[in-house]
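These notes concern the structure reproduced below.
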Amino acid sequence: MIRYLVYFIALYLALPFNAITDIVAIIVFFIVTEEDERFALVFSFIAGLLIDLYYPVRLGINTLIYLTVTQSLIYLKKYLIRNPLTTFATFIVFYLIKTALANVIISSPINLALIFCTVLTFFPMMLLLSKLTFGIWMRKQ
């Protein structure tokens, strides 16, 4: 139960920094890969809604994008092998699809610096979230 509270606190603290690096996408990806599918869908809905409320472009767009990408990742999760390389490649595909959908729907320009910063902060955030929630640096299955 404490893990869920840690996720929501991390989401709340990451919202102001979402313009510099997309930490919310990393948190959602971590939850999809490590937690229950129902909680991942609820969390992605809440994350998308909070992003829509914090950065109001069009209400509901980020919620729809996060739910769609999360559901597709949940469907594909059972076919993936869990190692750092495939996790990193899956996150890059997850994040680029999320960014492409946001740019097509909202028609905003692609920010390459945001993509680069998000990819650089992926592994430190995954390790930190794993250490905070499970007490270990990397979970093996």
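Chain identifiers are assigned as A, B, and so on, following the order in which chains appear in the structure tokens; residues are numbered from 1 within each chain, and ligands are numbered from 1 in order of appearance.
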Open item on the list: Residues near segment 22-26 of chain A, anyone? I mean within 8 Å using only C-alpha atoms, not counting same-chain ones fewer than 2 positions away, as a ChimeraX atom specification.
Closed with: /A:11,14-15,17-20,28-30,47,91,95,114-115,118,121-122,125-126
Selection from above, C-alpha atoms, as a PDB file, in the first residue's frame, can you write it?
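Saved file part-v2.pdb follows:
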ATOM      1  CA  LEU A  11       3.662  11.948  -9.815  1.00  0.00           C
ATOM      2  CA  ALA A  14       7.182  15.413 -11.159  1.00  0.00           C
ATOM      3  CA  LEU A  15       4.468  17.626 -12.649  1.00  0.00           C
ATOM      4  CA  PHE A  17       9.486  19.304 -14.079  1.00  0.00           C
ATOM      5  CA  ASN A  18       7.503  17.733 -16.915  1.00  0.00           C
ATOM      6  CA  ALA A  19       8.406  20.634 -19.239  1.00  0.00           C
ATOM      7  CA  ILE A  20      12.142  19.902 -18.835  1.00  0.00           C
ATOM      8  CA  VAL A  28       3.843   5.465 -15.948  1.00  0.00           C
ATOM      9  CA  PHE A  29       6.172   3.111 -17.834  1.00  0.00           C
ATOM     10  CA  PHE A  30       7.622   1.824 -14.550  1.00  0.00           C
ATOM     11  CA  ALA A  47      -1.427  11.011 -14.615  1.00  0.00           C
ATOM     12  CA  PHE A  91      10.596   2.725 -23.289  1.00  0.00           C
ATOM     13  CA  TYR A  95       7.849   7.485 -25.413  1.00  0.00           C
ATOM     14  CA  LEU A 114      12.921  17.141 -24.184  1.00  0.00           C
ATOM     15  CA  ILE A 115      13.191  13.725 -25.842  1.00  0.00           C
ATOM     16  CA  THR A 118      13.895  12.094 -20.988  1.00  0.00           C
ATOM     17  CA  THR A 121      16.932  10.286 -17.156  1.00  0.00           C
ATOM     18  CA  PHE A 122      15.229   6.955 -17.858  1.00  0.00           C
ATOM     19  CA  MET A 125      14.539   7.207 -12.515  1.00  0.00           C
ATOM     20  CA  MET A 126      13.834   3.493 -12.988  1.00  0.00           C
TER      21      MET A 126
END
Open item on the list: Which of chain A end up as alpha helix (DSSP H) when DSSP is run on this backbone - answer as JSON, numbers by chain?
Closed with: {"A": [2, 3, 4, 5, 6, 7, 8, 9, 10, 11, 12, 13, 14, 23, 24, 25, 26, 27, 28, 29, 30, 31, 32, 33, 34, 37, 38, 39, 40, 41, 42, 43, 44, 45, 46, 47, 48, 49, 50, 51, 52, 53, 54, 61, 62, 63, 64, 65, 66, 67, 68, 69, 70, 71, 72, 73, 74, 75, 76, 77, 84, 85, 86, 87, 88, 89, 90, 91, 92, 93, 94, 95, 96, 97, 98, 99, 100, 101, 102, 103, 104, 105, 106, 112, 113, 114, 115, 116, 117, 118, 119, 120, 122, 123, 124, 125, 126, 127, 128, 129, 130, 131, 132, 133, 134]}
Create the file for the chosen residues now, containing C-alpha atoms and written as a tab-separated table (two decimals), in the first residue's frame.
chain	number	residue	atom	x	y	z
A	2	ILE	CA	2.92	2.33	0.67
A	3	ARG	CA	4.14	1.75	-2.90
A	4	TYR	CA	0.99	3.30	-4.33
A	5	LEU	CA	1.42	6.33	-2.13
A	6	VAL	CA	5.03	6.66	-3.30
A	7	TYR	CA	3.83	6.58	-6.93
A	8	PHE	CA	1.28	9.34	-6.39
A	9	ILE	CA	3.75	11.51	-4.47
A	10	ALA	CA	6.32	11.01	-7.25
A	11	LEU	CA	3.66	11.95	-9.82
A	12	TYR	CA	2.74	15.08	-7.92
A	13	LEU	CA	6.37	16.12	-7.49
A	14	ALA	CA	7.18	15.41	-11.16
A	23	ILE	CA	9.33	12.15	-15.72
A	24	VAL	CA	5.63	11.32	-15.70
A	25	ALA	CA	6.07	9.09	-18.76
A	26	ILE	CA	8.91	7.27	-16.97
A	27	ILE	CA	6.75	6.76	-13.87
A	28	VAL	CA	3.84	5.46	-15.95
A	29	PHE	CA	6.17	3.11	-17.83
A	30	PHE	CA	7.62	1.82	-14.55
A	31	ILE	CA	4.15	1.18	-13.14
A	32	VAL	CA	3.03	-0.61	-16.30
A	33	THR	CA	6.04	-2.91	-16.22
A	34	GLU	CA	6.13	-3.56	-12.46
A	37	GLU	CA	-2.64	-3.98	-14.94
A	38	ARG	CA	-5.71	-2.42	-13.30
A	39	PHE	CA	-3.62	-0.10	-11.16
A	40	ALA	CA	-1.52	0.83	-14.19
A	41	LEU	CA	-4.63	1.89	-16.12
A	42	VAL	CA	-6.01	3.90	-13.21
A	43	PHE	CA	-2.66	5.54	-12.60
A	44	SER	CA	-2.17	6.42	-16.27
A	45	PHE	CA	-5.66	7.97	-16.32
A	46	ILE	CA	-4.86	10.06	-13.24
A	47	ALA	CA	-1.43	11.01	-14.62
A	48	GLY	CA	-2.92	12.12	-17.93
A	49	LEU	CA	-5.67	14.07	-16.15
A	50	LEU	CA	-3.17	15.83	-13.88
A	51	ILE	CA	-1.00	16.76	-16.86
A	52	ASP	CA	-4.09	18.10	-18.63
A	53	LEU	CA	-4.98	20.18	-15.60
A	54	TYR	CA	-1.42	21.39	-14.97
A	61	ILE	CA	-5.85	14.81	-24.79
A	62	ASN	CA	-3.07	13.63	-22.48
A	63	THR	CA	-5.50	11.40	-20.61
A	64	LEU	CA	-6.52	9.75	-23.86
A	65	ILE	CA	-2.92	9.40	-25.03
A	66	TYR	CA	-1.69	7.88	-21.76
A	67	LEU	CA	-4.61	5.45	-21.57
A	68	THR	CA	-4.14	4.31	-25.17
A	69	VAL	CA	-0.39	3.85	-24.93
A	70	THR	CA	-0.66	2.18	-21.51
A	71	GLN	CA	-3.26	-0.28	-22.73
A	72	SER	CA	-1.16	-1.20	-25.76
A	73	LEU	CA	1.93	-1.66	-23.57
A	74	ILE	CA	-0.04	-3.85	-21.15
A	75	TYR	CA	-1.09	-6.00	-24.09
A	76	LEU	CA	2.49	-6.31	-25.38
A	77	LYS	CA	4.09	-6.75	-21.94
A	84	PRO	CA	17.84	-3.75	-19.46
A	85	LEU	CA	18.26	-3.54	-23.23
A	86	THR	CA	14.71	-4.54	-24.11
A	87	THR	CA	13.34	-2.39	-21.30
A	88	PHE	CA	15.22	0.63	-22.65
A	89	ALA	CA	14.15	-0.08	-26.24
A	90	THR	CA	10.53	-0.57	-25.16
A	91	PHE	CA	10.60	2.73	-23.29
A	92	ILE	CA	12.00	4.56	-26.31
A	93	VAL	CA	9.22	3.15	-28.51
A	94	PHE	CA	6.63	3.92	-25.79
A	95	TYR	CA	7.85	7.48	-25.41
A	96	LEU	CA	8.20	8.20	-29.14
A	97	ILE	CA	4.67	6.93	-29.81
A	98	LYS	CA	3.34	9.07	-26.96
A	99	THR	CA	5.20	12.10	-28.29
A	100	ALA	CA	4.09	11.47	-31.87
A	101	LEU	CA	0.46	11.12	-30.82
A	102	ALA	CA	0.65	14.32	-28.79
A	103	ASN	CA	2.24	16.21	-31.65
A	104	VAL	CA	-0.26	14.94	-34.21
A	105	ILE	CA	-3.31	15.66	-32.06
A	106	ILE	CA	-2.18	18.99	-30.60
A	112	LEU	CA	14.27	17.13	-29.42
A	113	ALA	CA	15.88	18.45	-26.23
A	114	LEU	CA	12.92	17.14	-24.18
A	115	ILE	CA	13.19	13.73	-25.84
A	116	PHE	CA	16.95	13.59	-25.26
A	117	CYS	CA	16.65	14.63	-21.58
A	118	THR	CA	13.89	12.09	-20.99
A	119	VAL	CA	15.94	9.27	-22.50
A	120	LEU	CA	18.95	10.27	-20.38
A	122	PHE	CA	15.23	6.95	-17.86
A	123	PHE	CA	17.62	4.56	-16.09
A	124	PRO	CA	18.29	6.76	-13.03
A	125	MET	CA	14.54	7.21	-12.51
A	126	MET	CA	13.83	3.49	-12.99
A	127	LEU	CA	16.54	2.60	-10.47
A	128	LEU	CA	15.33	5.21	-8.00
A	129	LEU	CA	11.70	4.09	-8.25
A	130	SER	CA	12.74	0.47	-7.88
A	131	LYS	CA	14.83	1.28	-4.81
A	132	LEU	CA	12.01	3.33	-3.23
A	133	THR	CA	9.24	0.83	-3.84
A	134	PHE	CA	10.90	-2.59	-3.69
Open item on the list: To one decimal place in Å, what is the distance between atom CA of Leu59 of chain A and atom CA of Ser107 of chain A?
Closed with: 14.6 Å
